[in-house]
Structure formats: C-alpha cells, structure tokens
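Enquirer: Could you have a look at this structure, given as structure tokens, before my questions?
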Amino acid sequence: MTYAPGPYGYGYAPVPPPPKPGVIPLAPLDLNHVLGGAFAAYRRNWKVLLGITLVSYALAALLIAGVGTAAWTGLSDRWEHTSTAEDVALSDLTPLFTALGIIWLACSVGLLLATGLLHAAVAVVVQEAVLGRRPGFGTVWRRAWSRLGAVLGSVLLSAVAAVVPALLFMVGLFLMLAAMLASIGSDDGADGAGWALTGLLFFLLALAASPLALWLWVKFSLAPTAAVVESAGTLTALRRSAQLVRGAWWRIFGYTLVMMLIVGGVTFVMQMVVSLTTQASLFAAPLAQHATPGTVFFSMGTAAVVSTLLMLGTQAVLGPLQPLTSGLLYVDQRIRRENLAPVLAEAAGRPHA
C-alpha cells in the first residue's frame, strides 16, 4: 500500500492500488510486471497459443518440404555428377547454388508466414488478457487471419534490417564454399582465392550492419501489435511503433533481451539434455556385444531425429513468449504516454482511481 499527502497537506492517505482486471495492473509497468504478465497470459491461454503455433509452423513446414523436394528432384543427377567429377567448373555449381537460394527463400517465406500468424494471434491474446478475458481458438484465429496482411507487412519490413546481415553472411558462406570447391579442382588453389576474399568482405559487411539492424528491430518491434489492436496498415503500424519506442529504446530493448535470455536459457538446457542423451546412445551402440555398422548408423539416425523433434517442440512451446512481451510493452507505452489505463479499466468494467 502506498500513501500520498492527505487533504490540506496534513497526514497521509492510502492510495488504492491500480486495478488489475487481467494479467497486468493498469499502470506503468516495471520488468517484473512485464515478465509476470507474459507468463500469466501464456499460462491462461497456452492451449490457444500452442495450437496457433503448431498450425503456423505446420503450414511453413509443408511449404519448405514441397520446395525442397522439388529442388532435390530436379538437381539430384547434377549433384551426383558434381560430387564425383574431378574437375568442377564454376558453371557446374551455379544450378546448385540457385537451388540452395530457392530453398533458402522458401524457408524465409515459410518462417515469415508462421511468424506473422503467431504475432497476430499473440496480439489478440494480449488485448484480451489485459482485460481479463480468455478468447477461444476460433476467435483468435479469425481475428489473427483478418489482420495477417498488415502484420506480415510490418514483420517483413521490420525484419528486413535483421535479414540484411544474415543475407550478407549467407552470401559470404556460399562464396567460401565455392572457393573451397574451386580450390579442390585447381592444382595451385589460385582459382578460389578471389572467391574467398569476396566471401570475407561479405562477412565484414554483415558484422558492420548488425548494430543498425538491432536498432531498427527494436524501433519497429511494437508494429505487429499495433497492426492488430489499432487495425492499422503496415506503414501506419511501423510509424506507431517508432513513435511509442522513441525515448524508451533502451528500456524496451532491455526488457525484450531479458525474456530472450530466459527463453534461450531454457532452450539451451533442453538442447544440452538432448545432446547428452544422444551422445550416450551413440557411445552405447559401439560398446554393445554384437554392434555392427548398421546398428551404429541406426542409432545415430534415431538420435538425430529425436533431437530435432525435441528442439522443434521446444521452439513451438516457447515461441509465443517473446511476442507476448512485445505486446505488453506496447500496452505499457500507451499507458505511459496516452493515459490508456482509464480506457482499459472502463472496458474491463473496473473503476479507475
């Protein structure tokens, strides 16, 4: 209980706490409120969030699998020829790099679709969870799908800055691979030196672009929530995010980083457990009395599949937490700058002091 000066400056009168119809108090939020609200919203709506996440990533997986299968079917003969040829020209590698680029593009589009749908659904959940409501799967899906275009646009444009360093890094990696393959087919290795230097240049460009990408990513991190809550278009949502983040960049970055570290820490622990289990199974197979190359290979394959499935499951379970944090930061900034608390209290049917 806090106290304020009483009437006429005499004594102190207790100040009632702000109303809390949902997962957060309707007042400016500190780190505990944001993190606690994100976990509370997840706990109250985990079935809906997990269902949306699974559907989103299933659609992305179908797209990636289809494109990857088509690319492999079309280039399997060329890959067999290239992998067995003694002298490999750069023209022989061009179709392979093109196929890898198409697969990478399919992965990017699939992940963008899944991310956009998840962000739209999380924004709906945040809007209702702040008011103490628990929307059903159908309600969340319909509202998220109706705003998917604007959310996809805001996610895409805000992610461009983050994608640029990653794209530069991927180009540098491909160039390094081309340099290695060209050196293998050359007597003195001179053919790959130019590709290696160009790849190193792309690596340096990726490193230089990373700070600007981080700044822009935080600046536009509230855009998906604005696109849903305010029914804003893509550019309007980006402008709203920049307006709300202005002057609070470090606080929003810090709160988001803490949640990312929590999610990353849990993911790391899960991966370590899976890795230790996998290594134990791999060491156990050769030590078996009747171990054969076939049993060792089967053990390795099974461990790899189980490890991949567990890591994907971990990502599916923990994926909504970061968007939930961004959604609550959006609400916090509007409470601080636009006095949104009385409006939310009225919508929830609670009096506001």
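Every chain in the structure tokens has a letter given in the order shown (A, B, ...), and although residue numbers restart at 1 in each chain, ligands are simply numbered from 1 in the order shown.
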Can you tell me, as a PyMOL selection string, what residues are no more than 9 Å from stretch 124-138 of chain A when counting only C-alpha atoms, ignoring any on the same chain fewer than 6 positions away?

Expert: chain A and resi 20-26+37-38+40-42+44-45+47-49+51-52+144+225+228-229+324+327-328+331+344-345+347-349

Enquirer: Using only C-alpha atoms, which of the listed residues (A:Pro28, A:Met176, A:Val218, A:Leu212) sits closest to A:Gly199?

Expert: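 Answer, going by the shortest atom-to-atom distance: A:Met176.
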
Enquirer: Give me the residues near A:Ile64 as a ChimeraX atom specification, where near means some atom within 7 Å (using only C-alpha atoms) and where sequence neighbours in that chain fewer than 5 positions away do not count.

Expert: /A:106-107,110

Enquirer: Please measure the separation of atom CA of A:Arg246 and atom CA of A:Val258, giving the value in Å to one decimal.

Expert: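 Distance between the two atoms: 19.9 Å.
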
Enquirer: Could you work out how far atom CA of A:Thr267 lies from atom CA of A:Val67, giving the answer in Å with one decimal?

Expert: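 Answer for the atom CA of A:Val67 to atom CA of A:Thr267 separation: 28.4 Å.
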
Enquirer: Which residue gives the smallest distance to A:Arg336 among A:Leu204, A:Leu167, A:Val34, A:Ala248, with only C-alpha atoms counted?

Expert: A:Ala248

Enquirer: Which one is closest to A:Ser158: A:Ile103, A:Ala213, A:Leu244, A:Leu54? Count only C-alpha atoms.

Expert: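 Among the listed residues, A:Ala213 lies closest to A:Ser158.
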
Enquirer: Can you tell me which residues surround A:Ala209 at a distance of at most 9 Å, considering only C-alpha atoms, apart from same-chain residues fewer than 4 positions away, and format the answer as a list in words?

Expert: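 The neighbour list is Ala161, Ala162, Val164, Pro165, Leu204, Leu205, Ala213 and Leu214 of chain A.
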
Enquirer: How far is it from atom CA of A:Arg43 to atom CA of A:Met260, in Å with one decimal?

Expert: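 Atom-to-atom, atom CA of A:Arg43 to atom CA of A:Met260, that is 17.8 Å.
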
Enquirer: Hey, which of A:Val317, A:Leu235, A:Leu168, A:Gly247 ends up closest to A:Val266? Count only C-alpha atoms.

Expert: A:Val317
